[in-house]
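Novice: The file below is coords19.csv, CSV, N, CA and C atoms:
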```csv
chain,number,residue,atom,x,y,z
H,40,PRO,N,-27.9,17.4,35.2
H,40,PRO,CA,-28.8,18.4,35.7
H,40,PRO,C,-30.0,18.7,34.7
H,41,THR,N,-31.1,19.1,35.2
H,41,THR,CA,-32.2,19.4,34.3
H,41,THR,C,-32.0,20.8,33.8
H,42,GLU,N,-32.8,21.2,32.8
H,42,GLU,CA,-32.8,22.6,32.3
H,42,GLU,C,-33.2,23.5,33.4
H,43,ALA,N,-34.1,23.2,34.2
H,43,ALA,CA,-34.6,24.0,35.3
H,43,ALA,C,-33.5,24.3,36.3
H,44,GLU,N,-32.7,23.2,36.6
H,44,GLU,CA,-31.6,23.4,37.5
H,44,GLU,C,-30.5,24.3,36.9
H,45,ILE,N,-30.3,24.2,35.6
H,45,ILE,CA,-29.3,25.1,35.0
H,45,ILE,C,-29.8,26.5,35.0
H,46,ALA,N,-31.1,26.7,34.8
H,46,ALA,CA,-31.6,28.0,34.8
H,46,ALA,C,-31.5,28.6,36.2
H,47,ASP,N,-31.7,27.8,37.3
H,47,ASP,CA,-31.5,28.3,38.7
H,47,ASP,C,-30.1,28.8,38.9
H,48,VAL,N,-29.1,28.1,38.4
H,48,VAL,CA,-27.7,28.5,38.5
H,48,VAL,C,-27.5,29.8,37.8
H,49,VAL,N,-28.1,30.0,36.7
H,49,VAL,CA,-27.9,31.3,36.0
H,49,VAL,C,-28.5,32.4,36.8
H,50,ARG,N,-29.7,32.2,37.3
H,50,ARG,CA,-30.3,33.3,38.2
H,50,ARG,C,-29.4,33.6,39.4
H,51,GLN,N,-28.8,32.6,39.9
H,51,GLN,CA,-27.9,32.8,41.1
H,51,GLN,C,-26.6,33.6,40.8
H,52,THR,N,-26.2,33.5,39.6
H,52,THR,CA,-24.9,34.2,39.2
H,52,THR,C,-25.0,35.7,39.0
H,53,ALA,N,-26.2,36.2,38.8
H,53,ALA,CA,-26.4,37.6,38.6
H,53,ALA,C,-25.5,38.2,37.5
H,54,SER,N,-25.3,37.4,36.4
H,54,SER,CA,-24.5,37.9,35.3
H,54,SER,C,-25.2,37.5,34.0
H,55,ASP,N,-25.0,38.3,33.0
H,55,ASP,CA,-25.6,38.0,31.7
H,55,ASP,C,-24.8,36.8,31.0
H,56,THR,N,-23.6,36.7,31.2
H,56,THR,CA,-22.8,35.6,30.6
H,56,THR,C,-21.9,35.0,31.7
H,57,MET,N,-21.4,33.8,31.4
H,57,MET,CA,-20.5,33.2,32.3
H,57,MET,C,-19.4,32.5,31.4
H,58,SER,N,-18.2,32.4,32.0
H,58,SER,CA,-17.1,31.7,31.3
H,58,SER,C,-17.4,30.2,31.2
H,59,PHE,N,-16.7,29.6,30.3
H,59,PHE,CA,-16.8,28.1,30.2
H,59,PHE,C,-16.4,27.5,31.5
H,60,ASP,N,-15.3,27.9,32.1
H,60,ASP,CA,-14.9,27.3,33.4
H,60,ASP,C,-15.9,27.5,34.5
H,61,ASP,N,-16.5,28.7,34.6
H,61,ASP,CA,-17.6,28.9,35.6
H,61,ASP,C,-18.8,28.0,35.3
H,62,PHE,N,-19.1,27.9,34.0
H,62,PHE,CA,-20.2,27.0,33.6
H,62,PHE,C,-19.9,25.5,34.2
H,63,LEU,N,-18.7,25.0,33.9
H,63,LEU,CA,-18.4,23.7,34.4
H,63,LEU,C,-18.5,23.6,35.9
H,64,THR,N,-18.0,24.6,36.6
H,64,THR,CA,-18.0,24.6,38.0
H,64,THR,C,-19.4,24.5,38.5
H,65,HIS,N,-20.3,25.4,38.0
H,65,HIS,CA,-21.7,25.4,38.5
H,65,HIS,C,-22.4,24.1,38.1
H,66,VAL,N,-22.3,23.6,36.9
H,66,VAL,CA,-23.0,22.5,36.4
H,66,VAL,C,-22.6,21.2,37.2
H,67,THR,N,-21.3,21.1,37.4
H,67,THR,CA,-20.8,19.9,38.1
H,67,THR,C,-21.3,19.9,39.6
H,68,ARG,N,-21.5,21.1,40.1
H,68,ARG,CA,-22.1,21.1,41.5
H,68,ARG,C,-23.5,20.5,41.5
H,69,LEU,N,-24.2,20.6,40.4
H,69,LEU,CA,-25.6,20.1,40.3
H,69,LEU,C,-25.6,18.5,40.2
H,70,MET,N,-24.5,18.0,39.7
H,70,MET,CA,-24.4,16.6,39.4
H,70,MET,C,-24.1,15.8,40.6
H,71,PRO,N,-24.8,14.7,40.8
H,71,PRO,CA,-24.5,13.8,41.9
H,71,PRO,C,-23.1,13.2,41.7
H,72,LEU,N,-22.5,12.7,42.8
H,72,LEU,CA,-21.2,12.2,42.7
H,72,LEU,C,-21.1,10.9,41.9
H,73,ARG,N,-22.2,10.2,41.8
H,73,ARG,CA,-22.3,8.9,41.0
H,73,ARG,C,-23.5,9.0,40.1
H,74,TYR,N,-23.4,8.4,39.0
H,74,TYR,CA,-24.5,8.3,38.0
H,74,TYR,C,-24.8,6.9,37.7
H,75,THR,N,-26.1,6.7,37.5
H,75,THR,CA,-26.4,5.4,36.9
H,75,THR,C,-26.3,5.6,35.4
H,76,PRO,N,-26.1,4.5,34.6
H,76,PRO,CA,-26.0,4.6,33.2
H,76,PRO,C,-27.3,5.3,32.6
H,77,GLN,N,-28.4,5.1,33.1
H,77,GLN,CA,-29.7,5.7,32.7
H,77,GLN,C,-29.6,7.2,32.9
H,78,GLU,N,-29.1,7.7,34.0
H,78,GLU,CA,-29.0,9.1,34.2
H,78,GLU,C,-28.1,9.8,33.2
H,79,VAL,N,-27.0,9.1,32.9
H,79,VAL,CA,-26.1,9.7,31.9
H,79,VAL,C,-26.8,9.8,30.5
H,80,VAL,N,-27.5,8.7,30.2
H,80,VAL,CA,-28.2,8.7,28.9
H,80,VAL,C,-29.3,9.8,28.9
H,81,GLU,N,-30.0,10.0,29.9
H,81,GLU,CA,-31.0,11.0,30.0
H,81,GLU,C,-30.4,12.4,29.9
H,82,ALA,N,-29.3,12.6,30.6
H,82,ALA,CA,-28.6,13.9,30.5
H,82,ALA,C,-28.2,14.2,29.1
H,83,PHE,N,-27.6,13.2,28.4
H,83,PHE,CA,-27.2,13.4,27.0
H,83,PHE,C,-28.4,13.7,26.1
H,84,ARG,N,-29.5,13.1,26.4
H,84,ARG,CA,-30.7,13.3,25.6
H,84,ARG,C,-31.3,14.7,25.7
H,85,ILE,N,-31.0,15.3,26.9
H,85,ILE,CA,-31.5,16.7,27.1
H,85,ILE,C,-30.7,17.6,26.1
H,86,PHE,N,-29.4,17.4,25.9
H,86,PHE,CA,-28.6,18.2,25.0
H,86,PHE,C,-28.8,17.8,23.6
H,87,ASP,N,-29.0,16.6,23.3
H,87,ASP,CA,-29.1,16.1,21.9
H,87,ASP,C,-30.6,16.2,21.4
H,88,LYS,N,-30.9,17.5,21.1
H,88,LYS,CA,-32.3,17.8,20.8
H,88,LYS,C,-32.9,17.1,19.6
H,89,ASP,N,-32.0,16.8,18.6
H,89,ASP,CA,-32.5,16.1,17.3
H,89,ASP,C,-32.3,14.6,17.4
H,90,HIS,N,-31.8,14.1,18.5
H,90,HIS,CA,-31.6,12.7,18.8
H,90,HIS,C,-30.9,12.0,17.7
H,91,ASP,N,-29.8,12.6,17.2
H,91,ASP,CA,-29.0,12.0,16.2
H,91,ASP,C,-27.7,11.3,16.8
H,92,GLY,N,-27.6,11.3,18.1
H,92,GLY,CA,-26.5,10.7,18.8
H,92,GLY,C,-25.3,11.6,19.0
H,93,TYR,N,-25.5,12.9,18.7
H,93,TYR,CA,-24.4,13.9,18.9
H,93,TYR,C,-25.0,15.2,19.4
H,94,ILE,N,-24.2,15.9,20.2
H,94,ILE,CA,-24.5,17.3,20.6
H,94,ILE,C,-23.8,18.2,19.6
H,95,SER,N,-24.5,18.9,18.8
H,95,SER,CA,-23.9,19.7,17.7
H,95,SER,C,-23.6,21.1,18.3
H,96,TYR,N,-22.9,21.9,17.5
H,96,TYR,CA,-22.6,23.3,17.9
H,96,TYR,C,-24.0,24.0,18.1
H,97,ASN,N,-24.9,23.8,17.2
H,97,ASN,CA,-26.2,24.5,17.3
H,97,ASN,C,-27.0,24.1,18.5
H,98,GLU,N,-26.9,22.8,18.9
H,98,GLU,CA,-27.6,22.4,20.1
H,98,GLU,C,-27.0,23.0,21.3
H,99,MET,N,-25.7,23.0,21.4
H,99,MET,CA,-25.0,23.5,22.5
H,99,MET,C,-25.3,25.0,22.6
H,100,ARG,N,-25.2,25.7,21.5
H,100,ARG,CA,-25.5,27.2,21.5
H,100,ARG,C,-26.9,27.4,22.0
H,101,ASP,N,-27.9,26.7,21.5
H,101,ASP,CA,-29.3,26.9,21.8
H,101,ASP,C,-29.5,26.6,23.3
H,102,ILE,N,-28.9,25.6,23.9
H,102,ILE,CA,-29.0,25.3,25.3
H,102,ILE,C,-28.4,26.4,26.1
H,103,LEU,N,-27.2,26.9,25.8
H,103,LEU,CA,-26.6,28.0,26.5
H,103,LEU,C,-27.4,29.2,26.4
H,104,LYS,N,-27.9,29.6,25.2
H,104,LYS,CA,-28.7,30.8,25.1
H,104,LYS,C,-30.1,30.7,25.8
H,105,ALA,N,-30.7,29.5,25.7
H,105,ALA,CA,-32.0,29.3,26.3
H,105,ALA,C,-31.9,29.4,27.8
H,106,ASN,N,-30.8,29.0,28.4
H,106,ASN,CA,-30.6,29.1,29.8
H,106,ASN,C,-29.8,30.3,30.3
H,107,GLN,N,-29.6,31.2,29.3
H,107,GLN,CA,-28.9,32.5,29.6
H,107,GLN,C,-27.5,32.3,30.2
H,108,LEU,N,-26.8,31.2,29.7
H,108,LEU,CA,-25.5,30.9,30.2
H,108,LEU,C,-24.5,31.6,29.3
H,109,SER,N,-24.8,31.8,28.1
H,109,SER,CA,-23.9,32.6,27.2
H,109,SER,C,-24.6,32.9,25.9
H,110,SER,N,-24.4,34.1,25.5
H,110,SER,CA,-24.9,34.6,24.2
H,110,SER,C,-23.8,34.6,23.1
H,111,ARG,N,-22.6,34.3,23.5
H,111,ARG,CA,-21.5,34.4,22.6
H,111,ARG,C,-21.2,33.0,22.0
H,112,ASP,N,-21.1,33.0,20.7
H,112,ASP,CA,-20.8,31.8,19.9
H,112,ASP,C,-19.5,31.2,20.3
H,113,GLU,N,-18.5,32.0,20.7
H,113,GLU,CA,-17.2,31.5,21.1
H,113,GLU,C,-17.3,30.5,22.3
H,114,GLU,N,-18.2,30.8,23.2
H,114,GLU,CA,-18.4,29.9,24.3
H,114,GLU,C,-18.9,28.5,23.9
H,115,SER,N,-19.8,28.5,22.9
H,115,SER,CA,-20.3,27.2,22.4
H,115,SER,C,-19.2,26.4,21.7
H,116,ILE,N,-18.5,27.2,20.9
H,116,ILE,CA,-17.4,26.6,20.2
H,116,ILE,C,-16.3,26.0,21.1
H,117,ALA,N,-16.0,26.8,22.2
H,117,ALA,CA,-15.0,26.3,23.2
H,117,ALA,C,-15.5,25.0,23.9
H,118,MET,N,-16.8,25.0,24.2
H,118,MET,CA,-17.3,23.8,24.9
H,118,MET,C,-17.2,22.6,24.0
H,119,ILE,N,-17.6,22.7,22.7
H,119,ILE,CA,-17.5,21.6,21.8
H,119,ILE,C,-16.1,21.1,21.6
H,120,LYS,N,-15.2,22.1,21.4
H,120,LYS,CA,-13.8,21.7,21.3
H,120,LYS,C,-13.2,21.0,22.5
H,121,PHE,N,-13.6,21.5,23.7
H,121,PHE,CA,-13.2,20.9,25.0
H,121,PHE,C,-13.7,19.4,25.1
H,122,MET,N,-14.9,19.2,24.8
H,122,MET,CA,-15.5,17.9,25.0
H,122,MET,C,-15.4,16.9,23.9
H,123,ASP,N,-15.1,17.4,22.7
H,123,ASP,CA,-15.0,16.6,21.5
H,123,ASP,C,-13.7,15.9,21.4
H,124,LYS,N,-13.5,14.8,22.0
H,124,LYS,CA,-12.3,14.1,22.0
H,124,LYS,C,-12.1,13.3,20.7
H,125,SER,N,-13.2,13.0,20.0
H,125,SER,CA,-13.1,12.3,18.8
H,125,SER,C,-12.7,13.1,17.6
H,126,GLY,N,-12.8,14.5,17.7
H,126,GLY,CA,-12.4,15.4,16.7
H,126,GLY,C,-13.3,15.5,15.5
H,127,HIS,N,-14.7,15.2,15.7
H,127,HIS,CA,-15.6,15.5,14.5
H,127,HIS,C,-16.4,16.7,14.6
H,128,GLY,N,-16.1,17.6,15.5
H,128,GLY,CA,-16.8,18.9,15.6
H,128,GLY,C,-18.1,18.8,16.3
H,129,LYS,N,-18.4,17.7,17.0
H,129,LYS,CA,-19.6,17.6,17.8
H,129,LYS,C,-19.3,16.6,18.9
H,130,ILE,N,-20.2,16.5,19.8
H,130,ILE,CA,-19.9,15.7,21.0
H,130,ILE,C,-20.7,14.4,20.9
H,131,SER,N,-20.0,13.3,20.8
H,131,SER,CA,-20.7,12.0,20.8
H,131,SER,C,-21.0,11.5,22.2
H,132,TYR,N,-21.8,10.5,22.3
H,132,TYR,CA,-22.1,10.0,23.6
H,132,TYR,C,-20.9,9.5,24.3
H,133,LYS,N,-19.9,8.9,23.6
H,133,LYS,CA,-18.7,8.5,24.1
H,133,LYS,C,-17.9,9.7,24.7
H,134,ASP,N,-17.9,10.8,23.9
H,134,ASP,CA,-17.2,12.0,24.4
H,134,ASP,C,-17.9,12.6,25.7
H,135,PHE,N,-19.2,12.5,25.7
H,135,PHE,CA,-20.0,13.0,26.8
H,135,PHE,C,-19.7,12.2,28.0
H,136,MET,N,-19.7,10.9,27.8
H,136,MET,CA,-19.4,10.0,29.0
H,136,MET,C,-18.0,10.2,29.5
H,137,ALA,N,-17.0,10.4,28.7
H,137,ALA,CA,-15.7,10.7,29.1
H,137,ALA,C,-15.6,12.0,29.9
H,138,PHE,N,-16.4,13.0,29.5
H,138,PHE,CA,-16.5,14.2,30.2
H,138,PHE,C,-17.1,14.0,31.6
H,139,VAL,N,-18.2,13.3,31.6
H,139,VAL,CA,-18.9,13.0,32.9
H,139,VAL,C,-17.9,12.3,33.9
H,140,LYS,N,-17.2,11.3,33.4
H,140,LYS,CA,-16.3,10.5,34.2
H,140,LYS,C,-15.1,11.4,34.7
H,141,SER,N,-14.7,12.3,33.9
H,141,SER,CA,-13.5,13.1,34.3
H,141,SER,C,-13.9,14.2,35.2
H,142,GLU,N,-15.1,14.8,35.0
H,142,GLU,CA,-15.5,15.9,35.8
H,142,GLU,C,-16.1,15.6,37.1
H,143,VAL,N,-16.7,14.4,37.2
H,143,VAL,CA,-17.5,14.0,38.4
H,143,VAL,C,-16.8,12.8,39.0
H,144,ARG,N,-16.3,13.0,40.2
H,144,ARG,CA,-15.5,11.9,40.8
H,144,ARG,C,-16.4,11.3,41.9
H,145,ALA,N,-16.2,10.0,42.1
H,145,ALA,CA,-16.9,9.3,43.2
H,145,ALA,C,-16.2,9.6,44.5
H,146,PRO,N,-17.0,9.6,45.6
H,146,PRO,CA,-16.3,9.9,46.9
H,146,PRO,C,-15.3,8.8,47.2
H,147,GLU,N,-14.3,9.3,47.9
H,147,GLU,CA,-13.2,8.3,48.3
H,147,GLU,C,-13.5,7.7,49.7
```
What do you get writing this file as structure tokens?
Specialist:
Amino acid sequence: PTEAEIADVVRQTASDTMSFDDFLTHVTRLMPLRYTPQEVVEAFRIFDKDHDGYISYNEMRDILKANQLSSRDEESIAMIKFMDKSGHGKISYKDFMAFVKSEVRAPE
């Protein structure tokens, strides 16, 4: 999803904050059922602001705050922990891809 689409979700929730589970529910609704590799790369680049190949805690926090999804640091930490399957405290492209594949299923 684009940042504008995420902002639309926030406006529709009529809440100052949202839980991590609610965030996942809303964001996955914005995602098509299938992605091209280029779409996944572009989505990752939206989050990876410094283009170092990882989504850091600061980048996640900034995206959540900028889109009024959460102002609590605990939410950013929880998202990083949930998606960081490699265990280095940030989300790699591989982690991101695994998340996309697990959260978005192709139609049967």
Novice: Using Å and a single decimal, report how far atom C of H:Ala46 sits from atom N of H:Asp91.
Specialist: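 These atoms are spaced 24.9 Å apart.
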Novice: Step one, run DSSP on the backbone; step two, keep only residues of stretch 94-147 of chain H assigned to alpha helix (DSSP H); then write them as a PyMOL selection string.
Specialist: chain H and resi 96-105+112-122+132-142
Novice: Just give me the gap between atom N of H:Lys129 and atom CA of H:Arg111 in Å, one decimal is fine.
Specialist: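 Those two atoms sit 17.9 Å apart.
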Novice: If you measure from atom CA of H:Met136 to atom CA of H:Asn106, what distance in Å do you get, rounded to one decimal?
Specialist: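 So the answer is 22.2 Å.
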Novice: Do you know which residues are at most 7 Å from H:Ser95 counting all atoms listed in the file, after dropping those on the same chain fewer than 6 positions away, and could you put them as a list in words?
Specialist: Phe86, Asp87, Lys88, Gly128, Lys129 and Ile130 of chain H
Novice: If we count only C-alpha atoms and set the cut-off at 12 Å, which residues sit around H:Gly92, ignoring sequence neighbours fewer than 5 positions away in its own chain? Please answer as a list in words.
Specialist: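 So the residues in contact are Val80, Phe83, Arg84, Ile85, Phe86, Asp87, Glu98, Lys129, Ile130, Ser131, Tyr132, Lys133, Asp134 and Phe135 of chain H.
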Novice: Might you pull out every residue within 7 Å of H:Ser115, with only C-alpha atoms counted and same-chain residues fewer than 3 positions away left off, and present them as a list in words?
Specialist: Tyr96, Met99, Arg100, Asp112, Met118 and Ile119 of chain H
